[in-house]
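File shown: coords38.cif. Contents: mmCIF, C-alpha atoms and all ligand atoms.
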data_coords
loop_
_atom_site.label_atom_id
_atom_site.label_comp_id
_atom_site.auth_asym_id
_atom_site.auth_seq_id
_atom_site.Cartn_x
_atom_site.Cartn_y
_atom_site.Cartn_z
CA MET A 10 0.00 0.00 0.00
CA SER A 11 1.44 3.38 -0.92
CA THR A 12 1.68 5.99 1.82
CA CYS A 13 -1.06 8.57 1.92
CA ARG A 14 -0.27 11.42 4.26
CA ARG A 15 -3.15 13.17 6.01
CA CYS A 16 -5.65 10.75 4.45
CA LEU A 17 -8.56 9.07 6.13
CA ILE A 18 -9.38 5.48 5.27
CA ARG A 19 -12.59 6.60 3.58
CA ASP A 20 -10.50 8.66 1.13
CA MET A 21 -8.10 5.84 0.27
CA ASN A 22 -10.02 3.47 -1.96
CA ARG A 23 -9.75 0.76 0.71
CA GLU A 24 -13.28 -0.54 0.82
CA ASP A 25 -12.25 -3.51 2.99
CA LEU A 26 -10.82 -1.26 5.71
CA ARG A 27 -13.65 1.26 5.43
CA LEU A 28 -16.22 -1.48 5.97
CA MET A 29 -14.22 -2.95 8.85
CA ILE A 30 -14.05 0.42 10.64
CA GLU A 31 -17.76 1.03 10.07
CA GLU A 32 -18.42 -2.36 11.60
CA TRP A 33 -16.25 -1.56 14.63
CA ILE A 34 -17.97 1.80 15.08
CA SER A 35 -21.37 0.13 14.93
CA HIS A 36 -20.34 -1.91 18.00
CA ILE A 37 -19.48 1.14 20.13
CA PRO A 38 -22.28 1.46 22.70
CA LYS A 39 -24.50 4.39 21.78
CA GLU A 40 -23.75 6.22 25.03
CA ASN A 41 -20.04 6.08 24.25
CA ARG A 42 -20.34 7.27 20.67
CA ALA A 43 -19.43 10.84 19.74
CA ALA A 44 -21.99 12.96 17.91
CA SER A 45 -21.41 13.18 14.16
CA ASP A 46 -20.60 16.92 14.25
CA LEU A 47 -17.96 16.26 16.88
CA VAL A 48 -16.47 13.38 14.87
CA LYS A 49 -16.29 15.61 11.78
CA ALA A 50 -14.56 18.38 13.73
CA ARG A 51 -12.05 15.92 15.19
CA LEU A 52 -11.29 14.38 11.81
CA ARG A 53 -10.75 17.80 10.25
CA LEU A 54 -8.03 18.35 12.86
CA CYS A 55 -6.53 14.93 12.13
CA MET A 56 -6.45 15.71 8.41
CA ASP A 57 -4.45 18.82 9.22
CA CYS A 58 -1.97 16.85 11.35
CA SER A 59 1.40 15.52 10.21
CA HIS A 60 0.94 12.41 12.39
CA LEU A 61 -1.88 11.12 10.17
CA GLN A 62 -0.76 8.55 7.63
CA ASN A 63 -2.90 6.00 5.79
CA GLY A 64 -5.83 6.78 8.07
CA THR A 65 -3.72 5.88 11.10
CA CYS A 66 -2.41 8.13 13.84
CA GLN A 67 1.33 7.52 14.04
CA LEU A 68 1.35 8.40 17.74
CA CYS A 69 -1.19 5.88 19.00
CA GLY A 70 -1.59 3.45 16.09
CA CYS A 71 -5.35 3.94 15.94
CA TYR A 72 -7.45 4.34 12.84
CA VAL A 73 -8.51 7.92 13.56
CA GLU A 74 -12.03 7.40 12.22
CA TYR A 75 -12.50 4.78 14.92
CA ARG A 76 -10.79 6.73 17.70
CA ALA A 77 -12.70 9.94 16.90
CA ALA A 78 -16.00 8.06 17.03
CA HIS A 79 -15.54 7.46 20.76
CA ARG A 80 -17.04 10.17 22.90
CA TYR A 81 -14.45 9.85 25.68
CA GLN A 82 -11.33 9.46 23.54
CA SER A 83 -8.90 12.27 22.90
CA CYS A 84 -5.95 13.01 20.67
CA PRO A 85 -2.70 11.44 22.00
CA ASP A 86 -0.52 14.40 20.98
CA LEU A 87 0.87 16.84 23.55
CA PRO A 88 -0.77 19.25 23.62
CA LYS A 89 -3.92 17.46 22.50
CA ARG A 90 -5.35 18.61 19.20
CA TRP A 91 -8.82 17.47 20.22
CA GLU A 92 -10.30 16.58 23.58
CA GLN A 93 -12.75 14.04 24.89
CA GLU A 94 -16.34 15.24 25.01
S1 LIG A 101 -5.32 11.76 16.80
FE1 LIG A 101 -4.17 13.68 17.16
S2 LIG A 101 -2.00 13.18 16.77
FE2 LIG A 101 -3.27 11.55 15.89
S3 LIG A 101 -3.56 12.16 13.75
FE3 LIG A 101 -5.33 12.92 14.90
S4 LIG A 101 -4.77 15.02 15.48
FE4 LIG A 101 -2.88 13.97 14.88
#
Rewrite the coordinates I just gave you, this time as structure tokens.
Ligand code: SF4
Amino acid sequence: MSTCRRCLIRDMNREDLRLMIEEWISHIPKENRAASDLVKARLRLCMDCSHLQNGTCQLCGCYVEYRAAHRYQSCPDLPKRWEQE
């Protein structure tokens, strides 16, 4: 897989990974899921971050679309680029 800097999985023509992440997100309990506006705002910050590569945060190893979907997660950078809800 070629390296795509500042790309989300959904922008990478990787249908297998996109579907897998959607499946994971669907299993997050509703009370722990971030609102869609919050997820979008978080992902905009990720897409502006040099640590994002191939949809993965190079600091924590998470697919950011999955991490950002969790209400109580936060960015692992110091200082944090986005906070938990
Ligand atoms: S989670 Fe934080 S450090 Fe990781 S890619 Fe997103 S903004 Fe960057």
- Identify, on the basis of all atoms listed in the file, every residue whose closest approach to A:Met29 does not exceed 12 Å; exclude the query and any residue fewer than 4 positions from it along the same chain; express the result as a PyMOL selection string. chain A and resi 18-19+23-25+33-36+72+74-75
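Using all atoms listed in the file, the shortest contact distance between A:Glu92 and any of A:Leu17, A:Leu54, A:Cys69, A:Leu61 is found at A:Leu54.
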Draw an axis-aligned box over all listed atoms of ligand LIG 101 (chain A), pad each side with 5 Å, and write its centre and edge lengths in Å, one decimal, as AutoDock Vina command-line options.
--center_x -3.7 --center_y 13.3 --center_z 15.5 --size_x 13.3 --size_y 13.5 --size_z 13.4
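Between atom CA of A:Glu94 and atom CA of A:His60 the interatomic distance comes to 21.6 Å.
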Residues of chain A within 10 Å of ligand LIG 101 (chain A): nearest atom pair and distance (Å, one decimal) for each, counting only C-alpha atoms and all ligand atoms, sorted by chain and number, as JSON lines?
{"residue": "A:Arg15", "atom": "CA", "partner": "A:LIG101", "partner_atom": "S3", "distance": 7.8}
{"residue": "A:Cys16", "atom": "CA", "partner": "A:LIG101", "partner_atom": "S3", "distance": 9.6}
{"residue": "A:Leu17", "atom": "CA", "partner": "A:LIG101", "partner_atom": "S3", "distance": 9.6}
{"residue": "A:Arg51", "atom": "CA", "partner": "A:LIG101", "partner_atom": "S4", "distance": 7.3}
{"residue": "A:Leu52", "atom": "CA", "partner": "A:LIG101", "partner_atom": "FE3", "distance": 6.9}
{"residue": "A:Arg53", "atom": "CA", "partner": "A:LIG101", "partner_atom": "S4", "distance": 8.4}
{"residue": "A:Leu54", "atom": "CA", "partner": "A:LIG101", "partner_atom": "S4", "distance": 5.3}
{"residue": "A:Cys55", "atom": "CA", "partner": "A:LIG101", "partner_atom": "FE3", "distance": 3.6}
{"residue": "A:Met56", "atom": "CA", "partner": "A:LIG101", "partner_atom": "S3", "distance": 7.0}
{"residue": "A:Asp57", "atom": "CA", "partner": "A:LIG101", "partner_atom": "S4", "distance": 7.3}
{"residue": "A:Cys58", "atom": "CA", "partner": "A:LIG101", "partner_atom": "FE4", "distance": 4.6}
{"residue": "A:Ser59", "atom": "CA", "partner": "A:LIG101", "partner_atom": "FE4", "distance": 6.5}
{"residue": "A:His60", "atom": "CA", "partner": "A:LIG101", "partner_atom": "S3", "distance": 4.7}
{"residue": "A:Leu61", "atom": "CA", "partner": "A:LIG101", "partner_atom": "S3", "distance": 4.1}
{"residue": "A:Gln62", "atom": "CA", "partner": "A:LIG101", "partner_atom": "S3", "distance": 7.6}
{"residue": "A:Gly64", "atom": "CA", "partner": "A:LIG101", "partner_atom": "S3", "distance": 8.1}
{"residue": "A:Thr65", "atom": "CA", "partner": "A:LIG101", "partner_atom": "S3", "distance": 6.8}
{"residue": "A:Cys66", "atom": "CA", "partner": "A:LIG101", "partner_atom": "FE2", "distance": 4.1}
{"residue": "A:Gln67", "atom": "CA", "partner": "A:LIG101", "partner_atom": "FE2", "distance": 6.4}
{"residue": "A:Leu68", "atom": "CA", "partner": "A:LIG101", "partner_atom": "FE2", "distance": 5.9}
{"residue": "A:Cys69", "atom": "CA", "partner": "A:LIG101", "partner_atom": "FE2", "distance": 6.8}
{"residue": "A:Gly70", "atom": "CA", "partner": "A:LIG101", "partner_atom": "FE2", "distance": 8.3}
{"residue": "A:Cys71", "atom": "CA", "partner": "A:LIG101", "partner_atom": "S1", "distance": 7.9}
{"residue": "A:Tyr72", "atom": "CA", "partner": "A:LIG101", "partner_atom": "S1", "distance": 8.7}
{"residue": "A:Val73", "atom": "CA", "partner": "A:LIG101", "partner_atom": "S1", "distance": 6.0}
{"residue": "A:Glu74", "atom": "CA", "partner": "A:LIG101", "partner_atom": "FE3", "distance": 9.1}
{"residue": "A:Arg76", "atom": "CA", "partner": "A:LIG101", "partner_atom": "S1", "distance": 7.5}
{"residue": "A:Ala77", "atom": "CA", "partner": "A:LIG101", "partner_atom": "S1", "distance": 7.6}
{"residue": "A:Gln82", "atom": "CA", "partner": "A:LIG101", "partner_atom": "S1", "distance": 9.3}
{"residue": "A:Ser83", "atom": "CA", "partner": "A:LIG101", "partner_atom": "S1", "distance": 7.1}
{"residue": "A:Cys84", "atom": "CA", "partner": "A:LIG101", "partner_atom": "FE1", "distance": 4.0}
{"residue": "A:Pro85", "atom": "CA", "partner": "A:LIG101", "partner_atom": "FE1", "distance": 5.5}
{"residue": "A:Asp86", "atom": "CA", "partner": "A:LIG101", "partner_atom": "S2", "distance": 4.6}
{"residue": "A:Leu87", "atom": "CA", "partner": "A:LIG101", "partner_atom": "S2", "distance": 8.2}
{"residue": "A:Pro88", "atom": "CA", "partner": "A:LIG101", "partner_atom": "FE1", "distance": 9.2}
{"residue": "A:Lys89", "atom": "CA", "partner": "A:LIG101", "partner_atom": "FE1", "distance": 6.5}
{"residue": "A:Arg90", "atom": "CA", "partner": "A:LIG101", "partner_atom": "S4", "distance": 5.2}
{"residue": "A:Trp91", "atom": "CA", "partner": "A:LIG101", "partner_atom": "S4", "distance": 6.7}
{"residue": "A:Glu92", "atom": "CA", "partner": "A:LIG101", "partner_atom": "FE1", "distance": 9.3}
Keeping only C-alpha atoms, write the selected residues to a file as a PDB file, in the frame of the given file.
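Done, and the output landed in part_16.pdb:
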ATOM      1  CA  ARG A  15      -3.150  13.170   6.010  1.00  0.00           C
ATOM      2  CA  CYS A  16      -5.650  10.750   4.450  1.00  0.00           C
ATOM      3  CA  LEU A  17      -8.560   9.070   6.130  1.00  0.00           C
ATOM      4  CA  ARG A  51     -12.050  15.920  15.190  1.00  0.00           C
ATOM      5  CA  LEU A  52     -11.290  14.380  11.810  1.00  0.00           C
ATOM      6  CA  ARG A  53     -10.750  17.800  10.250  1.00  0.00           C
ATOM      7  CA  LEU A  54      -8.030  18.350  12.860  1.00  0.00           C
ATOM      8  CA  CYS A  55      -6.530  14.930  12.130  1.00  0.00           C
ATOM      9  CA  MET A  56      -6.450  15.710   8.410  1.00  0.00           C
ATOM     10  CA  ASP A  57      -4.450  18.820   9.220  1.00  0.00           C
ATOM     11  CA  CYS A  58      -1.970  16.850  11.350  1.00  0.00           C
ATOM     12  CA  SER A  59       1.400  15.520  10.210  1.00  0.00           C
ATOM     13  CA  HIS A  60       0.940  12.410  12.390  1.00  0.00           C
ATOM     14  CA  LEU A  61      -1.880  11.120  10.170  1.00  0.00           C
ATOM     15  CA  GLN A  62      -0.760   8.550   7.630  1.00  0.00           C
ATOM     16  CA  GLY A  64      -5.830   6.780   8.070  1.00  0.00           C
ATOM     17  CA  THR A  65      -3.720   5.880  11.100  1.00  0.00           C
ATOM     18  CA  CYS A  66      -2.410   8.130  13.840  1.00  0.00           C
ATOM     19  CA  GLN A  67       1.330   7.520  14.040  1.00  0.00           C
ATOM     20  CA  LEU A  68       1.350   8.400  17.740  1.00  0.00           C
ATOM     21  CA  CYS A  69      -1.190   5.880  19.000  1.00  0.00           C
ATOM     22  CA  GLY A  70      -1.590   3.450  16.090  1.00  0.00           C
ATOM     23  CA  CYS A  71      -5.350   3.940  15.940  1.00  0.00           C
ATOM     24  CA  TYR A  72      -7.450   4.340  12.840  1.00  0.00           C
ATOM     25  CA  VAL A  73      -8.510   7.920  13.560  1.00  0.00           C
ATOM     26  CA  GLU A  74     -12.030   7.400  12.220  1.00  0.00           C
ATOM     27  CA  ARG A  76     -10.790   6.730  17.700  1.00  0.00           C
ATOM     28  CA  ALA A  77     -12.700   9.940  16.900  1.00  0.00           C
ATOM     29  CA  GLN A  82     -11.330   9.460  23.540  1.00  0.00           C
ATOM     30  CA  SER A  83      -8.900  12.270  22.900  1.00  0.00           C
ATOM     31  CA  CYS A  84      -5.950  13.010  20.670  1.00  0.00           C
ATOM     32  CA  PRO A  85      -2.700  11.440  22.000  1.00  0.00           C
ATOM     33  CA  ASP A  86      -0.520  14.400  20.980  1.00  0.00           C
ATOM     34  CA  LEU A  87       0.870  16.840  23.550  1.00  0.00           C
ATOM     35  CA  PRO A  88      -0.770  19.250  23.620  1.00  0.00           C
ATOM     36  CA  LYS A  89      -3.920  17.460  22.500  1.00  0.00           C
ATOM     37  CA  ARG A  90      -5.350  18.610  19.200  1.00  0.00           C
ATOM     38  CA  TRP A  91      -8.820  17.470  20.220  1.00  0.00           C
ATOM     39  CA  GLU A  92     -10.300  16.580  23.580  1.00  0.00           C
TER      40      GLU A  92
END
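Distance-wise, atom CA of A:Asn63 and atom CA of A:Asp20 end up 9.3 Å apart.
The two atoms in question, atom CA of A:Asp46 and atom CA of A:Asn22, are spaced 23.6 Å apart.
Among the candidates A:Ala78, A:Glu31, A:Leu26, A:Thr12, the one nearest to A:Lys49 when counting only C-alpha atoms is A:Ala78.
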Would you mind listing what lies within 12 Å of A:Pro38 as an mmCIF file with C-alpha atoms, in the frame of the given file, with only C-alpha atoms counted and same-chain residues fewer than 6 positions away left out?
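Printed below is result35.cif as written:
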data_model
loop_
_atom_site.group_PDB
_atom_site.id
_atom_site.type_symbol
_atom_site.label_atom_id
_atom_site.label_comp_id
_atom_site.auth_asym_id
_atom_site.auth_seq_id
_atom_site.Cartn_x
_atom_site.Cartn_y
_atom_site.Cartn_z
ATOM 1 C CA ALA A 78 -16.000 8.060 17.030
ATOM 2 C CA HIS A 79 -15.540 7.460 20.760
ATOM 3 C CA ARG A 80 -17.040 10.170 22.900
ATOM 4 C CA TYR A 81 -14.450 9.850 25.680
#
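Restricting the calculation to all atoms listed in the file, the smallest distance between A:Gln93 and any of A:Met21, A:Ala50, A:Leu28, A:Ala43 is found for A:Ala43.
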Any chance you could model N, CA and C atoms for stretch 12-37 of chain A and send them as a PDB file, keeping the file's coordinate frame?
ATOM      1  N   THR A  12       1.946   5.127   0.660  1.00  0.00           N
ATOM      2  CA  THR A  12       1.680   5.990   1.820  1.00  0.00           C
ATOM      3  C   THR A  12       0.835   7.170   1.407  1.00  0.00           C
ATOM      4  N   CYS A  13      -0.216   7.403   2.160  1.00  0.00           N
ATOM      5  CA  CYS A  13      -1.060   8.570   1.920  1.00  0.00           C
ATOM      6  C   CYS A  13      -1.053   9.425   3.176  1.00  0.00           C
ATOM      7  N   ARG A  14      -0.377  10.544   3.090  1.00  0.00           N
ATOM      8  CA  ARG A  14      -0.270  11.420   4.260  1.00  0.00           C
ATOM      9  C   ARG A  14      -1.540  12.248   4.415  1.00  0.00           C
ATOM     10  N   ARG A  15      -1.964  12.373   5.656  1.00  0.00           N
ATOM     11  CA  ARG A  15      -3.150  13.170   6.010  1.00  0.00           C
ATOM     12  C   ARG A  15      -4.415  12.667   5.307  1.00  0.00           C
ATOM     13  N   CYS A  16      -4.456  11.347   5.068  1.00  0.00           N
ATOM     14  CA  CYS A  16      -5.650  10.750   4.450  1.00  0.00           C
ATOM     15  C   CYS A  16      -6.400   9.922   5.471  1.00  0.00           C
ATOM     16  N   LEU A  17      -7.720   9.984   5.361  1.00  0.00           N
ATOM     17  CA  LEU A  17      -8.560   9.070   6.130  1.00  0.00           C
ATOM     18  C   LEU A  17      -8.752   7.807   5.302  1.00  0.00           C
ATOM     19  N   ILE A  18      -9.144   6.728   5.985  1.00  0.00           N
ATOM     20  CA  ILE A  18      -9.380   5.480   5.270  1.00  0.00           C
ATOM     21  C   ILE A  18     -10.456   5.660   4.202  1.00  0.00           C
ATOM     22  N   ARG A  19     -11.488   6.442   4.527  1.00  0.00           N
ATOM     23  CA  ARG A  19     -12.590   6.600   3.580  1.00  0.00           C
ATOM     24  C   ARG A  19     -12.164   7.304   2.295  1.00  0.00           C
ATOM     25  N   ASP A  20     -11.003   7.956   2.320  1.00  0.00           N
ATOM     26  CA  ASP A  20     -10.500   8.660   1.130  1.00  0.00           C
ATOM     27  C   ASP A  20      -9.468   7.838   0.369  1.00  0.00           C
ATOM     28  N   MET A  21      -9.241   6.585   0.795  1.00  0.00           N
ATOM     29  CA  MET A  21      -8.100   5.840   0.270  1.00  0.00           C
ATOM     30  C   MET A  21      -8.420   4.689  -0.658  1.00  0.00           C
ATOM     31  N   ASN A  22      -9.677   4.573  -1.075  1.00  0.00           N
ATOM     32  CA  ASN A  22     -10.020   3.470  -1.960  1.00  0.00           C
ATOM     33  C   ASN A  22      -9.705   2.118  -1.324  1.00  0.00           C
ATOM     34  N   ARG A  23      -9.931   2.030   0.001  1.00  0.00           N
ATOM     35  CA  ARG A  23      -9.750   0.760   0.710  1.00  0.00           C
ATOM     36  C   ARG A  23     -11.093   0.361   1.306  1.00  0.00           C
ATOM     37  N   GLU A  24     -11.920  -0.179   0.420  1.00  0.00           N
ATOM     38  CA  GLU A  24     -13.280  -0.540   0.820  1.00  0.00           C
ATOM     39  C   GLU A  24     -13.278  -1.554   1.967  1.00  0.00           C
ATOM     40  N   ASP A  25     -12.308  -2.488   1.940  1.00  0.00           N
ATOM     41  CA  ASP A  25     -12.250  -3.510   2.990  1.00  0.00           C
ATOM     42  C   ASP A  25     -12.030  -2.866   4.363  1.00  0.00           C
ATOM     43  N   LEU A  26     -11.079  -1.927   4.429  1.00  0.00           N
ATOM     44  CA  LEU A  26     -10.820  -1.260   5.710  1.00  0.00           C
ATOM     45  C   LEU A  26     -11.964  -0.349   6.104  1.00  0.00           C
ATOM     46  N   ARG A  27     -12.535   0.352   5.118  1.00  0.00           N
ATOM     47  CA  ARG A  27     -13.650   1.260   5.430  1.00  0.00           C
ATOM     48  C   ARG A  27     -14.801   0.482   6.046  1.00  0.00           C
ATOM     49  N   LEU A  28     -15.122  -0.660   5.444  1.00  0.00           N
ATOM     50  CA  LEU A  28     -16.220  -1.480   5.970  1.00  0.00           C
ATOM     51  C   LEU A  28     -15.884  -2.036   7.348  1.00  0.00           C
ATOM     52  N   MET A  29     -14.638  -2.417   7.550  1.00  0.00           N
ATOM     53  CA  MET A  29     -14.220  -2.950   8.850  1.00  0.00           C
ATOM     54  C   MET A  29     -14.381  -1.880   9.939  1.00  0.00           C
ATOM     55  N   ILE A  30     -13.944  -0.658   9.639  1.00  0.00           N
ATOM     56  CA  ILE A  30     -14.050   0.420  10.640  1.00  0.00           C
ATOM     57  C   ILE A  30     -15.507   0.758  10.902  1.00  0.00           C
ATOM     58  N   GLU A  31     -16.321   0.775   9.862  1.00  0.00           N
ATOM     59  CA  GLU A  31     -17.760   1.030  10.070  1.00  0.00           C
ATOM     60  C   GLU A  31     -18.367  -0.027  10.979  1.00  0.00           C
ATOM     61  N   GLU A  32     -17.930  -1.256  10.770  1.00  0.00           N
ATOM     62  CA  GLU A  32     -18.420  -2.360  11.600  1.00  0.00           C
ATOM     63  C   GLU A  32     -17.994  -2.153  13.055  1.00  0.00           C
ATOM     64  N   TRP A  33     -16.738  -1.818  13.259  1.00  0.00           N
ATOM     65  CA  TRP A  33     -16.250  -1.560  14.630  1.00  0.00           C
ATOM     66  C   TRP A  33     -17.050  -0.446  15.271  1.00  0.00           C
ATOM     67  N   ILE A  34     -17.247   0.646  14.522  1.00  0.00           N
ATOM     68  CA  ILE A  34     -17.970   1.800  15.080  1.00  0.00           C
ATOM     69  C   ILE A  34     -19.393   1.396  15.450  1.00  0.00           C
ATOM     70  N   SER A  35     -19.986   0.538  14.655  1.00  0.00           N
ATOM     71  CA  SER A  35     -21.370   0.130  14.930  1.00  0.00           C
ATOM     72  C   SER A  35     -21.469  -0.634  16.258  1.00  0.00           C
ATOM     73  N   HIS A  36     -20.335  -1.158  16.736  1.00  0.00           N
ATOM     74  CA  HIS A  36     -20.340  -1.910  18.000  1.00  0.00           C
ATOM     75  C   HIS A  36     -20.016  -1.025  19.214  1.00  0.00           C
ATOM     76  N   ILE A  37     -19.709   0.243  18.982  1.00  0.00           N
ATOM     77  CA  ILE A  37     -19.480   1.140  20.130  1.00  0.00           C
ATOM     78  C   ILE A  37     -20.856   1.397  20.758  1.00  0.00           C
TER      79      ILE A  37
END
